[in-house]
There are 2 protein chains.
Amino acid sequence: MNTAVKLSQQNREFVIDKLRNLFGDRVSTVGSVLEQHGHGESWHPTQPPDAVCFVQSTEEVSQVVALCAEAHMPVIAYGTGTSLEGHLQAVNGGVCIDLGQMDQILEVNNEDLDCRVQAGVTRRQLNQYLRDTGLFFPIDPGADTSIGGMAATRASGTNAVRYGTMRENVLALTVVTASGEIIHTGTRARKSAAGYDLTRLFVGSEGTLGVITEISLRLYGLSETISAAIVSFPDVRSATNATINTIQMGIPVARIELVDQAYMKAINNYSKTDYPELDTLFLEFHGTRDGVAEQIRLFEEISSEFGASDFRWAEKEEDRNQLWRARHDAYYAGLAVSPGSKGYLTDVCVPISKLADCIVQTQQDIASSDLFAPIIGHVGDGNFHLSIFIDPGDDAMLEAALKLDQRLVNRALDMGGTCTGEHGIGMGKLKHMRHEHGDGAIEVMKLIKHALDPLNIMNPGKTVDC
Amino acid sequence: MNTAVKLSQQNREFVIDKLRNLFGDRVSTVGSVLEQHGHGESWHPTQPPDAVCFVQSTEEVSQVVALCAEAHMPVIAYGTGTSLEGHLQAVNGGVCIDLGQMDQILEVNNEDLDCRVQAGVTRRQLNQYLRDTGLFFPIDPGADTSIGGMAATRASGTNAVRYGTMRENVLALTVVTASGEIIHTGTRARKSAAGYDLTRLFVGSEGTLGVITEISLRLYGLSETISAAIVSFPDVRSATNATINTIQMGIPVARIELVDQAYMKAINNYSKTDYPELDTLFLEFHGTRDGVAEQIRLFEEISSEFGASDFRWAEKEEDRNQLWRARHDAYYAGLAVSPGSKGYLTDVCVPISKLADCIVQTQQDIASSDLFAPIIGHVGDGNFHLSIFIDPGDDAMLEAALKLDQRLVNRALDMGGTCTGEHGIGMGKLKHMRHEHGDGAIEVMKLIKHALDPLNIMNPGKTVDC
């Protein structure tokens, strides 16, 4: 399937000339622009594309892809460049389609709790736009990512325990296929039994089957009451067991985030806060006033059983924001511990009954390495992250991080979990795909890839190229 | 793709002989058995397979499919025979794989709120098994269907408004592909960003891409308090508007079912009940005692604004069962209105803001026909059903029903909805697929079908054969 490699320099120049004719100065071959588009936020070395095209409509994406298809030239879709597993590297060169200028919010249907946006709209932009409607879009992967990128990588984040991931919240898509055809998947109906679920097939396909250009999303009404909390536990197993019980009791917690002791120390240092330096849960409850009060009471009962202490509650928006800022600044706090370092970020997700064992064994593994690798997790889903802070250029340290990650993934897979809960495969986790899915399922994925992208021009070298 | 048609009688006999060698008297060619397996519960004429094979394991399914693949013989998977759009008709003959004997519940993981079952387990069997665990499986399409069939048709039903459909509740699958390969999709992790979502691709593929043999499902804790209610409205628009407001307010109603005036009259007559013969909502609330009380209070406030009257509440299990029995017996009540008739059942799903218009316009359309076609709906999802009672053998009546259905579907699609919320495509709704999805998306579905089933042996003539 590696036809793209054979692409001649002449062919590349032909495509770029044609693109310039169509898009003028919205096509760039400037070195710094190519560099910037040749990587995400992971450790993987930059591999720049041959050109970047800043598109403004689905029709323009269609034109670019059709041209690339004719020339067998790779196509890589680019949102905000925040992916974490080497999704954006142009392994065979090609044209990077930057969707950042496709930033129109096309419709908001208040009555139906849905909206339609262009792929380059970011999640904060959308929530800003929704500010006066009483609605919000809950999915929060941390960075201010584009909705298109979030759909393409099946993103989730802190609110997924209550509101689901992009899998559950994308209603419909507009996609440009590998031949440049514009197709529409799904409808605004909440459910359908009408044929293959193409929406769910493109969600999480990481640009390897087509370019997502428009997304219809579910929205939610803002709750009457929102209450945030932070609470300390004697150890990570207690914090995790409190989480497991909360989920099993069916308490509709909106966020339940573990921040381990190592990260809490870093946060206090960086954010000048005075939180107990213990394994900690950050929580948020959404509901009616009485409903939230009841959720809090039930959670306090559960967590007291597991030795919880130092409950701190925040209900006013600014107090909640301050509390969550500490959580969201964790990564920067980690960087400050090892100045000049860069985070190697990985995540796994396991059945919740295995979560405490998985985290404790991972902490033991970290302790026996020389690495600084604090843990943060969307633990209500059984999902947690390792941030391994490494010195760029220290190959031995990178090698040690890769091995720690490998052991983490093996541990999660042995427990019936997945090699990534939300970061995706990109290039970084390709090596785990066969272990997780087995040869038979990988063969089916490859059949689909080949059927929909016979020239292998859509983000080659990623996701299923294993 | 119509290779199966060329299958010779000799070839068919060769396959059946081989099957007899493998499975002995678990292969049947008895006329009545073939007849029984050649239809679901729709009006579509029976088309019997050449043989029925009663399998007992995934490996046996694999053997049957491999044999059929070698001989280019069609394969049709059969659960409980309750599908509603001609999913089971053997349009080119072939082997029907009856999964009814694959009825083992393989594991229940109480802590993780999940289970794994063979495809022939029925939803009532599963809930019976779960009775002492405090857990339940919510999806309730009416009939006591097999879980495999429910996955294959992306079933939903009364509880979907709160708990989702099979799309949201299947965690993982074991599937026998068109070549007889056994593959596994998904894991027990609640979320994953690891590659293409094959689980969601097979869910709803109606046996056209492979045979689902095992299913891992999400389960839910039984609520502390369950309260059911029935309430009357002056007209269908008021009932629907009360529903819309309930959903928009974010009240986590577990069931909200519309039964129209025509059906309420039939129910009173059939079930000897004395409900007001008005457009009616049947509801159920799940939660803590205080939570349910609050939901009820909020719902009463909303529905009073829309002229609701005659609230009747049921909290004890037997009272709730009696109330829901009336709802579930609606179809039989309808049959009793026109003795000897058979129901032509169809469903659509629209954005909830369009629901009142869609139902009112449909009722006007029914009124201007000579048909008895009461409406029942999972209105919280924007999904409703027409039960058109027709005389079997009255071709003019069938023709009129088909036309009414056609207008219903066009109306739903014009409103941004789908041609079927939960019954599926089968053969019956093939004619709407291009209208709903457009040629581009249909082409992608066909590419997937051809890639995964190049011989077109998996339930040919269905779902994407348009």
# chains A, B, ... in the order shown; residues from 1 in each chain; ligands from 1
$ closest_atom_pairs --of "region 213-323 of chain B" --to "region 191-203 of chain B" --cutoff "12 Å" --atoms "only C-alpha atoms" --output "CSV"
residue,atom,partner,partner_atom,distance
B:Thr213,CA,B:Phe202,CA,11.4
B:Glu214,CA,B:Thr199,CA,11.6
B:Ile215,CA,B:Thr199,CA,9.7
B:Ser216,CA,B:Thr199,CA,10.3
B:Leu217,CA,B:Thr199,CA,11.5
B:Arg218,CA,B:Lys191,CA,11.9
$ write_last_selection --atoms "C-alpha atoms" --output "PDB file, in the first residue's frame"
ATOM      1  CA  THR B 213     -21.678 -14.408  18.088  1.00  0.00           C
ATOM      2  CA  GLU B 214     -20.775 -12.812  21.433  1.00  0.00           C
ATOM      3  CA  ILE B 215     -21.553  -9.395  22.882  1.00  0.00           C
ATOM      4  CA  SER B 216     -20.113  -7.492  25.843  1.00  0.00           C
ATOM      5  CA  LEU B 217     -22.707  -5.107  27.238  1.00  0.00           C
ATOM      6  CA  ARG B 218     -22.889  -2.248  29.700  1.00  0.00           C
TER       7      ARG B 218
END
$ interface_residues --of "chain B" --to "chain A" --cutoff "6 Å" --atoms "only C-alpha atoms" --output "ChimeraX atom specification"
/B:111-112,154,183,187-197,201,205,349-353,381,416-417,420-422,424-425,440-441,447-448,451,463
$ closest_residue --among "A:Glu13, A:Asp365, A:Glu399, A:Glu315" --to "Gly93 (chain A)" --atoms "only C-alpha atoms"
A:Glu13
$ select_by_dssp --residues "region 258-448 of chain A" --states "strand (DSSP E)" --output "PyMOL selection string"
chain A and resi 258-259+279-287+309-314+342-349+375-378+383-390
$ select_by_dssp --residues "region 133-162 of chain B" --states "helix (DSSP H, G or I)" --output "list in words"
Ile147, Gly148, Gly149, Met150, Ala151, Ala152, Ala160, Val161 and Arg162 of chain B
$ residues_around --residues "Pro339 (chain B)" --least-positions-apart "6" --cutoff "10 Å" --atoms "only C-alpha atoms" --output "PDB file with C-alpha atoms, in the first residue's frame"
ATOM      1  CA  PHE B 389     -53.384  -2.663  10.681  1.00  0.00           C
ATOM      2  CA  ILE B 390     -53.975  -4.305   7.333  1.00  0.00           C
ATOM      3  CA  ASP B 391     -55.860  -7.348   6.117  1.00  0.00           C
TER       4      ASP B 391
END
$ closest_residue --among "B:Pro276, B:Pro252, B:Gly149, B:Pro138" --to "Leu84 (chain B)" --atoms "only C-alpha atoms"
B:Gly149
